[in-house]
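Undergrad: Sharing upload_31.tsv, TSV, C-alpha atoms:
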chain	number	residue	atom	x	y	z
A	232	MET	CA	62.04	76.64	-13.71
A	233	LEU	CA	62.40	80.22	-12.45
A	234	ASN	CA	58.67	80.41	-11.85
A	235	GLU	CA	58.72	77.17	-9.89
A	236	MET	CA	61.62	78.30	-7.71
A	237	SER	CA	60.01	81.65	-6.95
A	238	THR	CA	56.68	80.01	-6.16
A	239	ARG	CA	58.40	77.67	-3.72
A	240	GLU	CA	60.00	80.67	-2.03
A	241	VAL	CA	56.60	82.35	-1.68
A	242	VAL	CA	55.20	79.18	-0.11
A	243	GLU	CA	58.17	78.80	2.22
A	244	GLY	CA	57.83	82.39	3.41
A	245	TYR	CA	54.12	81.87	4.00
A	246	ARG	CA	54.59	78.60	5.87
A	247	ALA	CA	57.38	79.96	8.05
A	248	ALA	CA	55.19	82.89	9.10
A	249	THR	CA	52.07	80.81	9.76
A	250	ALA	CA	54.02	78.15	11.64
A	251	GLY	CA	55.55	80.80	13.87
A	252	ALA	CA	52.05	82.08	14.64
A	253	GLY	CA	50.72	78.59	15.30
A	254	ARG	CA	48.40	78.67	12.26
A	255	ASP	CA	47.92	76.20	9.43
A	256	SER	CA	46.43	76.92	6.01
A	257	ALA	CA	43.03	75.41	5.29
A	258	LEU	CA	44.25	74.63	1.77
A	259	THR	CA	45.99	71.47	0.72
A	260	PRO	CA	49.70	71.89	-0.10
A	261	VAL	CA	48.98	71.69	-3.82
A	262	LEU	CA	46.21	74.31	-3.71
A	263	LEU	CA	48.22	76.55	-1.39
A	264	GLU	CA	51.12	76.55	-3.82
A	265	ALA	CA	48.80	77.25	-6.74
A	266	VAL	CA	47.05	80.18	-5.03
A	267	LEU	CA	50.22	81.80	-3.67
A	268	GLY	CA	52.01	81.33	-6.98
A	269	ARG	CA	49.13	82.93	-8.87
A	270	LEU	CA	49.05	85.93	-6.54
A	271	TYR	CA	52.77	86.51	-6.81
A	272	TRP	CA	53.08	86.14	-10.58
A	273	GLU	CA	49.96	88.16	-11.33
A	274	GLY	CA	51.33	90.87	-9.05
A	275	CYS	CA	54.63	90.81	-10.92
A	276	ALA	CA	52.80	91.09	-14.23
A	277	GLU	CA	50.70	94.04	-13.05
A	278	HIS	CA	53.73	95.89	-11.67
A	279	PRO	CA	56.65	94.84	-13.90
A	280	GLU	CA	58.80	97.77	-12.79
A	281	ILE	CA	58.80	96.54	-9.18
A	282	ARG	CA	61.03	93.75	-7.90
A	283	LEU	CA	59.79	91.93	-4.81
A	284	ASP	CA	61.46	89.00	-3.04
A	285	PRO	CA	59.07	86.00	-3.22
A	286	SER	CA	59.65	84.96	0.40
A	287	ILE	CA	58.83	88.50	1.62
A	288	PHE	CA	55.59	88.35	-0.33
A	289	GLY	CA	54.70	84.98	1.21
A	290	THR	CA	55.44	86.28	4.71
A	291	HIS	CA	53.32	89.37	4.04
A	292	ILE	CA	50.31	87.34	2.85
A	293	ALA	CA	50.49	85.30	6.04
A	294	GLY	CA	50.88	88.37	8.25
A	295	CYS	CA	47.88	90.26	6.88
A	296	ASN	CA	45.64	87.18	7.13
A	297	THR	CA	44.66	87.14	3.47
A	298	PRO	CA	41.69	84.72	3.14
A	299	LEU	CA	43.25	82.34	0.63
A	300	ALA	CA	40.73	79.52	1.12
A	301	ASP	CA	37.61	81.66	0.75
A	302	ARG	CA	38.63	84.15	-1.93
A	303	GLY	CA	41.75	82.76	-3.55
A	304	SER	CA	40.48	83.19	-7.09
A	305	ALA	CA	39.04	86.67	-6.51
A	306	LEU	CA	41.84	88.31	-4.51
A	307	PRO	CA	43.40	91.46	-6.07
A	308	ALA	CA	46.91	90.12	-6.67
A	309	GLY	CA	48.25	93.45	-7.95
A	310	ASP	CA	47.03	95.36	-4.88
A	311	LEU	CA	48.51	92.83	-2.45
A	312	PHE	CA	51.79	92.86	-4.36
A	313	LEU	CA	51.96	96.68	-4.39
A	314	ALA	CA	51.14	96.98	-0.67
A	315	CYS	CA	53.80	94.43	0.23
A	316	ALA	CA	56.46	96.09	-1.94
A	317	ALA	CA	55.64	99.54	-0.50
A	318	LEU	CA	55.90	98.23	3.07
A	319	SER	CA	59.24	96.64	2.23
A	320	GLY	CA	60.54	100.11	1.34
A	321	ASP	CA	60.61	99.87	-2.45
A	322	GLN	CA	60.59	103.51	-3.59
A	323	LYS	CA	58.99	102.73	-6.95
A	324	ALA	CA	56.16	100.95	-5.15
A	325	ILE	CA	55.72	103.80	-2.68
A	326	SER	CA	55.64	106.38	-5.48
A	327	LYS	CA	53.14	104.32	-7.49
A	328	LEU	CA	50.94	103.76	-4.43
A	329	ARG	CA	50.81	107.49	-3.72
A	330	GLN	CA	49.91	108.25	-7.33
A	331	LEU	CA	47.18	105.61	-7.51
A	332	SER	CA	45.73	106.64	-4.15
A	333	LEU	CA	45.30	110.37	-4.72
A	334	PRO	CA	41.90	110.15	-6.52
A	335	PRO	CA	40.22	107.92	-3.87
A	336	ILE	CA	41.72	109.99	-1.03
A	337	ARG	CA	40.26	113.18	-2.51
A	338	SER	CA	36.96	111.44	-3.16
A	339	TYR	CA	36.59	110.14	0.39
A	340	LEU	CA	37.77	113.37	2.04
A	341	ARG	CA	35.35	115.48	0.00
A	342	ARG	CA	32.55	113.85	2.00
A	343	VAL	CA	33.95	115.36	5.21
A	344	GLU	CA	33.59	119.13	5.50
A	345	LEU	CA	37.03	120.37	6.58
A	346	PRO	CA	39.21	123.33	5.55
A	347	ALA	CA	41.70	122.71	2.73
A	348	SER	CA	44.65	123.15	5.10
A	349	THR	CA	43.23	120.51	7.42
A	350	LEU	CA	42.74	118.10	4.52
A	351	ASP	CA	46.44	118.50	3.67
A	352	ASP	CA	47.32	117.67	7.27
A	353	ILE	CA	45.10	114.59	7.18
A	354	THR	CA	46.72	113.38	3.97
A	355	GLN	CA	50.13	113.64	5.62
A	356	GLU	CA	48.83	111.90	8.72
A	357	LEU	CA	47.39	109.18	6.50
A	358	TRP	CA	50.77	108.26	5.04
A	359	ASN	CA	52.32	108.22	8.50
A	360	VAL	CA	49.61	105.86	9.73
A	361	LEU	CA	49.84	103.62	6.67
A	362	PHE	CA	53.58	103.12	6.99
A	363	ALA	CA	54.35	103.75	10.68
A	364	GLY	CA	51.08	102.92	12.40
A	365	GLY	CA	48.96	104.69	15.00
A	366	THR	CA	49.06	104.23	18.76
A	367	ASP	CA	49.59	100.48	18.33
A	368	ARG	CA	52.67	101.10	16.12
A	369	VAL	CA	51.39	98.62	13.51
A	370	PRO	CA	51.45	100.04	9.94
A	371	ARG	CA	47.84	100.25	8.79
A	372	LEU	CA	48.89	99.12	5.32
A	373	ALA	CA	50.02	95.81	6.84
A	374	ARG	CA	46.36	95.16	7.71
A	375	TYR	CA	45.23	95.28	4.11
A	376	SER	CA	44.26	91.65	3.43
A	377	GLY	CA	42.87	91.95	-0.08
A	378	THR	CA	39.19	91.59	0.81
A	379	GLY	CA	38.55	94.79	-1.14
A	380	SER	CA	40.49	97.11	-3.41
A	381	LEU	CA	43.59	98.82	-2.04
A	382	ARG	CA	42.27	102.21	-3.19
A	383	SER	CA	39.08	101.78	-1.19
A	384	PHE	CA	41.07	100.63	1.85
A	385	ILE	CA	43.21	103.76	1.74
A	386	GLY	CA	40.21	106.01	1.07
A	387	VAL	CA	38.28	104.61	4.03
A	388	THR	CA	41.35	105.01	6.25
A	389	ALA	CA	41.63	108.65	5.19
A	390	ARG	CA	37.97	109.29	5.97
A	391	ARG	CA	38.28	107.71	9.42
A	392	LEU	CA	41.23	109.96	10.21
A	393	ALA	CA	39.20	112.97	9.08
A	394	LEU	CA	36.25	112.00	11.25
A	395	MET	CA	38.54	111.49	14.23
A	396	ARG	CA	39.96	114.96	13.61
A	397	CYS	CA	36.43	116.38	13.60
A	398	ARG	CA	35.63	114.69	16.91
A	399	ARG	CA	38.84	115.96	18.52
A	400	GLU	CA	38.20	119.50	17.33
A	401	SER	CA	34.61	119.27	18.55
A	402	VAL	CA	35.72	118.17	22.02
A	403	ALA	CA	38.27	120.97	22.20
A	404	ALA	CA	35.73	123.52	20.97
A	405	ARG	CA	33.22	122.50	23.65
A	406	ALA	CA	35.85	122.81	26.36
A	407	VAL	CA	36.92	126.23	25.05
A	408	ALA	CA	33.29	127.38	25.01
A	409	ARG	CA	32.81	126.31	28.62
A	410	ALA	CA	36.00	128.08	29.64
A	411	ALA	CA	35.00	131.25	27.77
A	412	ALA	CA	31.58	131.26	29.44
A	413	GLU	CA	33.21	131.00	32.85
A	414	VAL	CA	35.68	133.78	32.08
A	415	ASN	CA	32.86	136.07	30.94
A	416	ALA	CA	30.86	135.34	34.07
A	417	LEU	CA	33.80	136.31	36.25
A	418	SER	CA	35.17	139.17	34.15
A	419	ASP	CA	34.09	141.77	36.70
A	420	ASP	CA	36.13	140.19	39.47
A	421	ILE	CA	39.70	141.37	38.70
A	422	GLU	CA	41.28	139.65	41.70
A	423	LEU	CA	39.67	136.32	40.81
A	424	GLY	CA	40.83	136.62	37.22
A	425	PHE	CA	44.38	137.27	38.41
A	426	ILE	CA	44.31	134.16	40.61
A	427	LYS	CA	43.12	131.98	37.75
A	428	GLU	CA	45.80	133.30	35.41
A	429	GLN	CA	48.51	132.93	38.04
A	430	TYR	CA	47.85	129.28	38.86
A	431	ARG	CA	46.55	127.86	35.56
A	432	ASP	CA	50.00	126.91	34.23
A	433	ASP	CA	50.96	125.27	37.51
A	434	PHE	CA	47.85	123.11	37.33
A	435	ARG	CA	48.48	122.27	33.67
A	436	CYS	CA	52.03	121.08	34.40
A	437	ALA	CA	50.79	118.99	37.29
A	438	ILE	CA	48.09	117.42	35.10
A	439	GLU	CA	50.66	116.59	32.41
A	440	ASP	CA	52.82	114.85	35.03
A	441	ALA	CA	49.78	113.04	36.41
A	442	LEU	CA	48.83	111.78	32.93
A	443	ARG	CA	52.37	110.48	32.47
A	444	GLY	CA	51.87	108.42	35.61
A	445	LEU	CA	48.90	106.50	34.18
A	446	ASP	CA	49.54	103.09	32.73
A	447	ASP	CA	48.99	102.87	28.98
A	448	ARG	CA	45.61	101.16	29.10
A	449	LEU	CA	44.11	103.79	31.39
A	450	ARG	CA	45.62	106.59	29.30
A	451	MET	CA	44.28	105.08	26.09
A	452	ILE	CA	40.80	104.56	27.58
A	453	LEU	CA	40.78	108.18	28.78
A	454	ARG	CA	41.93	109.38	25.36
A	455	MET	CA	39.22	107.40	23.57
A	456	ARG	CA	36.58	108.93	25.85
A	457	VAL	CA	37.84	112.54	26.10
A	458	VAL	CA	39.46	113.09	22.70
A	459	ASP	CA	37.75	110.66	20.33
A	460	ASP	CA	34.40	111.13	22.13
A	461	LEU	CA	33.66	107.39	22.02
A	462	THR	CA	30.86	106.00	24.15
A	463	VAL	CA	31.52	103.58	26.99
A	464	ASP	CA	29.79	100.92	24.91
A	465	GLY	CA	32.05	101.62	21.92
A	466	ILE	CA	35.19	101.40	24.05
A	467	ALA	CA	33.94	98.17	25.63
A	468	ARG	CA	33.50	96.61	22.20
A	469	SER	CA	37.02	97.66	21.22
A	470	TYR	CA	38.48	95.88	24.24
A	471	GLY	CA	36.09	92.94	24.26
A	472	VAL	CA	34.83	93.68	27.78
A	473	VAL	CA	31.55	94.68	29.39
A	474	GLN	CA	30.58	98.33	29.86
A	475	SER	CA	30.95	98.20	33.64
A	476	THR	CA	34.62	97.30	33.24
A	477	VAL	CA	35.25	100.35	31.04
A	478	SER	CA	33.38	102.53	33.55
A	479	ARG	CA	35.65	101.26	36.33
A	480	TRP	CA	38.72	101.97	34.18
A	481	LEU	CA	37.55	105.51	33.46
A	482	ASP	CA	36.79	106.18	37.13
A	483	LYS	CA	40.20	104.84	38.10
A	484	ALA	CA	41.97	106.98	35.48
A	485	ARG	CA	40.16	110.15	36.56
A	486	ASP	CA	40.71	109.45	40.26
A	487	GLN	CA	44.42	108.85	39.69
A	488	VAL	CA	44.84	112.04	37.64
A	489	VAL	CA	43.01	114.21	40.17
A	490	SER	CA	44.76	112.60	43.15
A	491	GLU	CA	48.22	112.97	41.65
A	492	THR	CA	47.49	116.51	40.45
A	493	ARG	CA	46.38	117.41	43.97
A	494	ARG	CA	49.55	115.96	45.48
A	495	LEU	CA	51.86	117.70	43.02
A	496	VAL	CA	50.17	121.12	43.23
A	497	CYS	CA	50.06	121.08	47.03
A	498	GLU	CA	53.71	120.01	47.14
A	499	ARG	CA	54.97	122.54	44.58
A	500	LEU	CA	52.90	125.53	45.75
A	501	ALA	CA	52.84	124.64	49.46
A	502	LEU	CA	49.03	124.65	49.52
A	503	SER	CA	46.68	123.05	51.99
A	504	GLY	CA	43.97	120.66	50.81
A	505	CYS	CA	41.29	123.32	51.20
A	506	GLU	CA	43.33	125.87	49.24
A	507	PHE	CA	43.79	123.33	46.45
A	508	ASP	CA	40.07	122.62	46.31
A	509	SER	CA	39.28	126.32	45.99
A	510	LEU	CA	41.76	126.85	43.18
A	511	TRP	CA	40.67	123.67	41.41
A	512	ARG	CA	37.10	124.93	41.21
A	513	LEU	CA	38.35	128.13	39.58
A	514	VAL	CA	40.55	126.62	36.87
A	515	ALA	CA	39.11	123.14	36.28
A	516	SER	CA	36.95	123.97	33.26
A	517	GLN	CA	39.80	125.76	31.49
A	518	LEU	CA	42.07	122.80	32.14
A	519	GLU	CA	39.75	120.52	30.15
A	520	VAL	CA	41.29	122.15	27.08
A	521	SER	CA	44.74	121.16	28.33
A	522	VAL	CA	43.75	117.56	28.98
A	523	SER	CA	42.15	117.22	25.53
A	524	GLY	CA	45.18	118.76	23.85
A	525	ILE	CA	47.72	116.65	25.73
A	526	LEU	CA	45.96	113.37	24.98
A	527	ALA	CA	45.09	114.29	21.38
A	528	CYS	CA	48.68	115.20	20.52
A	529	ASN	CA	50.06	112.03	22.09
A	530	ASP	CA	52.83	114.06	23.77
A	531	VAL	CA	52.59	112.08	27.00
A	532	PRO	CA	55.20	109.28	26.93
A	533	ARG	CA	53.68	105.83	26.58
A	534	SER	CA	54.37	102.60	28.40
A	535	GLU	CA	52.32	100.26	26.14
A	536	ALA	CA	48.89	100.94	24.67
A	537	SER	CA	46.60	98.00	24.11
When written as structure tokens, how does the structure in this file appear?
TA:
Amino acid sequence: MLNEMSTREVVEGYRAATAGAGRDSALTPVLLEAVLGRLYWEGCAEHPEIRLDPSIFGTHIAGCNTPLADRGSALPAGDLFLACAALSGDQKAISKLRQLSLPPIRSYLRRVELPASTLDDITQELWNVLFAGGTDRVPRLARYSGTGSLRSFIGVTARRLALMRCRRESVAARAVARAAAEVNALSDDIELGFIKEQYRDDFRCAIEDALRGLDDRLRMILRMRVVDDLTVDGIARSYGVVQSTVSRWLDKARDQVVSETRRLVCERLALSGCEFDSLWRLVASQLEVSVSGILACNDVPRSEAS
């Protein structure tokens, strides 16, 4: 009787979630109950120390779009159960998930050549992303649908974070190299070096304010291009648009940042347009480091990223 009641609660949670999203299961009511009941009770059996409300489990299965009709008999019930319990805040589940995930995390990160200290940072970032989400604020763990093992899902997520870190560091390194080359070329001109040092911070502050003025889509597109080093084609695929649309977005973002930076610098330093243009040519390459750092650290307040 207890099993039947709990199974009904799982089904009710699932149906409430799918109805709210305007979706219907492809399974008949009898099969749906059988599949959901099996997943829940097998999960309970695999993790007997964890208590999970049946309706929460049903809601979770609906939310992560677990393919019940296609893979019902092959789905990893224990992994789905553990992910759901961890997301619900169960400390035993969270502790067990961390313990089970350490070997695959180490395995996947060993394939990316990074210093040990950076690997520690990535591991911490991984747990933040899994439970709090990235720029979209959706916990990555909530996207685990059971189409593979939970360990592999977490390992792949860790590797992607590591690769993104490599791309960001590469972008910053290239900008630093360009800035260093320019400084060396002008090292003999003491007056010019003084001017660049004097106005660099003013330009950086203005750029930060200009970036804050972008809407979230333009800021995200600019971040994907400048920080993550994605191609226009890759960004277009992410947004489901053609490349020309992404190119227009990038042009608009850059134009807005430069225009607003120009306005703010001229206003704050009482410069003419010609004086601004002269200073901009002197400090622009060094400011690429600032732009990359600002966008990579996400310290510009958001409005809503797509």
Undergrad: Ranking A:Ala389, A:Leu394, A:Ile452, A:Val457 by minimum distance to Tyr470 in chain A and counting all atoms listed in the file, which one comes first?
TA: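 Closest to Tyr470 in chain A of all the choices is A:Ile452.
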Undergrad: Taking into account only C-alpha atoms, which residue in the set A:Ser490, A:Thr259, A:Thr290, A:Thr238 is nearest to Leu445 in chain A?
TA: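 Closest to Leu445 in chain A, using only C-alpha atoms: A:Ser490.
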Undergrad: Please write as a list in words the list of polymer residues whose atoms come within 10 Å of (58.9, 99.0, -7.4), counting all atoms listed in the file and keeping to the coordinates of the file.
TA: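 Neighbouring residues, ordered by chain and number, come to Cys275, His278, Pro279, Glu280, Ile281, Arg282, Leu283, Phe312, Leu313, Ala316, Ala317, Ser319, Gly320, Asp321, Gln322, Lys323, Ala324, Ile325, Ser326, Lys327 and Leu328 of chain A.
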Undergrad: Which one is closest to Pro307 in chain A: A:Arg329, A:Arg450, A:Arg246, A:Arg382? Count only C-alpha atoms.
TA: A:Arg382
Undergrad: So what do you get for CA of Ala276 in chain A versus CA of Val387 in chain A, distance-wise?
TA: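 Atom-to-atom, CA of Ala276 in chain A to CA of Val387 in chain A, that is 27.0 Å.
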Undergrad: To one decimal place, how far is CA of Asp433 in chain A from CA of Cys505 in chain A in Å?
TA: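 For CA of Asp433 in chain A relative to CA of Cys505 in chain A, the distance reads 16.9 Å.
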Undergrad: Please tell me which residues are no farther than 9 Å from (45.7, 117.8, 44.8) in the file, counting all atoms listed in the file, and write them as a PDB file with C-alpha atoms, in the coordinates of the input.
TA:
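The resulting file, point-v6.pdb, is reproduced below:
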ATOM      1  CA  VAL A 489      43.010 114.210  40.170  1.00  0.00           C
ATOM      2  CA  SER A 490      44.760 112.600  43.150  1.00  0.00           C
ATOM      3  CA  GLU A 491      48.220 112.970  41.650  1.00  0.00           C
ATOM      4  CA  THR A 492      47.490 116.510  40.450  1.00  0.00           C
ATOM      5  CA  ARG A 493      46.380 117.410  43.970  1.00  0.00           C
ATOM      6  CA  ARG A 494      49.550 115.960  45.480  1.00  0.00           C
ATOM      7  CA  LEU A 495      51.860 117.700  43.020  1.00  0.00           C
ATOM      8  CA  VAL A 496      50.170 121.120  43.230  1.00  0.00           C
ATOM      9  CA  CYS A 497      50.060 121.080  47.030  1.00  0.00           C
ATOM     10  CA  GLU A 498      53.710 120.010  47.140  1.00  0.00           C
ATOM     11  CA  LEU A 502      49.030 124.650  49.520  1.00  0.00           C
ATOM     12  CA  SER A 503      46.680 123.050  51.990  1.00  0.00           C
ATOM     13  CA  GLY A 504      43.970 120.660  50.810  1.00  0.00           C
ATOM     14  CA  PHE A 507      43.790 123.330  46.450  1.00  0.00           C
ATOM     15  CA  ASP A 508      40.070 122.620  46.310  1.00  0.00           C
ATOM     16  CA  TRP A 511      40.670 123.670  41.410  1.00  0.00           C
TER      17      TRP A 511
END
Undergrad: Given only C-alpha atoms as the basis, pick out the residue of A:Ala314, A:Ala250, A:Leu262, A:Met236 nearest to Gly274 in chain A.
TA: A:Ala314
Undergrad: Give me range 233-249 of chain A with N, CA and C atoms filled in, as a short mmCIF file (atom, residue, chain, number, x, y, z; two decimals), in the coordinates of the input.
TA:
data_model
loop_
_atom_site.label_atom_id
_atom_site.label_comp_id
_atom_site.auth_asym_id
_atom_site.auth_seq_id
_atom_site.Cartn_x
_atom_site.Cartn_y
_atom_site.Cartn_z
N LEU A 233 62.34 79.03 -13.30
CA LEU A 233 62.40 80.22 -12.45
C LEU A 233 61.08 80.43 -11.73
N ASN A 234 59.99 80.25 -12.46
CA ASN A 234 58.67 80.41 -11.85
C ASN A 234 58.47 79.43 -10.71
N GLU A 235 58.88 78.20 -10.91
CA GLU A 235 58.72 77.17 -9.89
C GLU A 235 59.53 77.50 -8.65
N MET A 236 60.77 77.95 -8.84
CA MET A 236 61.62 78.30 -7.71
C MET A 236 61.03 79.46 -6.92
N SER A 237 60.59 80.48 -7.63
CA SER A 237 60.01 81.65 -6.95
C SER A 237 58.74 81.28 -6.22
N THR A 238 57.91 80.44 -6.81
CA THR A 238 56.68 80.01 -6.16
C THR A 238 57.00 79.26 -4.88
N ARG A 239 58.02 78.40 -4.93
CA ARG A 239 58.40 77.67 -3.72
C ARG A 239 58.85 78.63 -2.62
N GLU A 240 59.55 79.68 -3.02
CA GLU A 240 60.00 80.67 -2.03
C GLU A 240 58.82 81.40 -1.40
N VAL A 241 57.82 81.71 -2.21
CA VAL A 241 56.60 82.35 -1.68
C VAL A 241 55.96 81.42 -0.65
N VAL A 242 55.83 80.14 -1.00
CA VAL A 242 55.20 79.18 -0.11
C VAL A 242 56.01 79.01 1.16
N GLU A 243 57.33 78.96 1.04
CA GLU A 243 58.17 78.80 2.22
C GLU A 243 58.05 80.00 3.15
N GLY A 244 58.02 81.20 2.58
CA GLY A 244 57.83 82.39 3.41
C GLY A 244 56.50 82.37 4.13
N TYR A 245 55.46 81.95 3.41
CA TYR A 245 54.12 81.87 4.00
C TYR A 245 54.08 80.84 5.13
N ARG A 246 54.63 79.66 4.87
CA ARG A 246 54.59 78.60 5.87
C ARG A 246 55.42 78.94 7.10
N ALA A 247 56.55 79.57 6.90
CA ALA A 247 57.38 79.96 8.05
C ALA A 247 56.63 80.95 8.95
N ALA A 248 55.92 81.88 8.33
CA ALA A 248 55.19 82.89 9.10
C ALA A 248 54.00 82.28 9.82
N THR A 249 53.25 81.41 9.14
CA THR A 249 52.07 80.81 9.76
C THR A 249 52.47 79.81 10.83
#
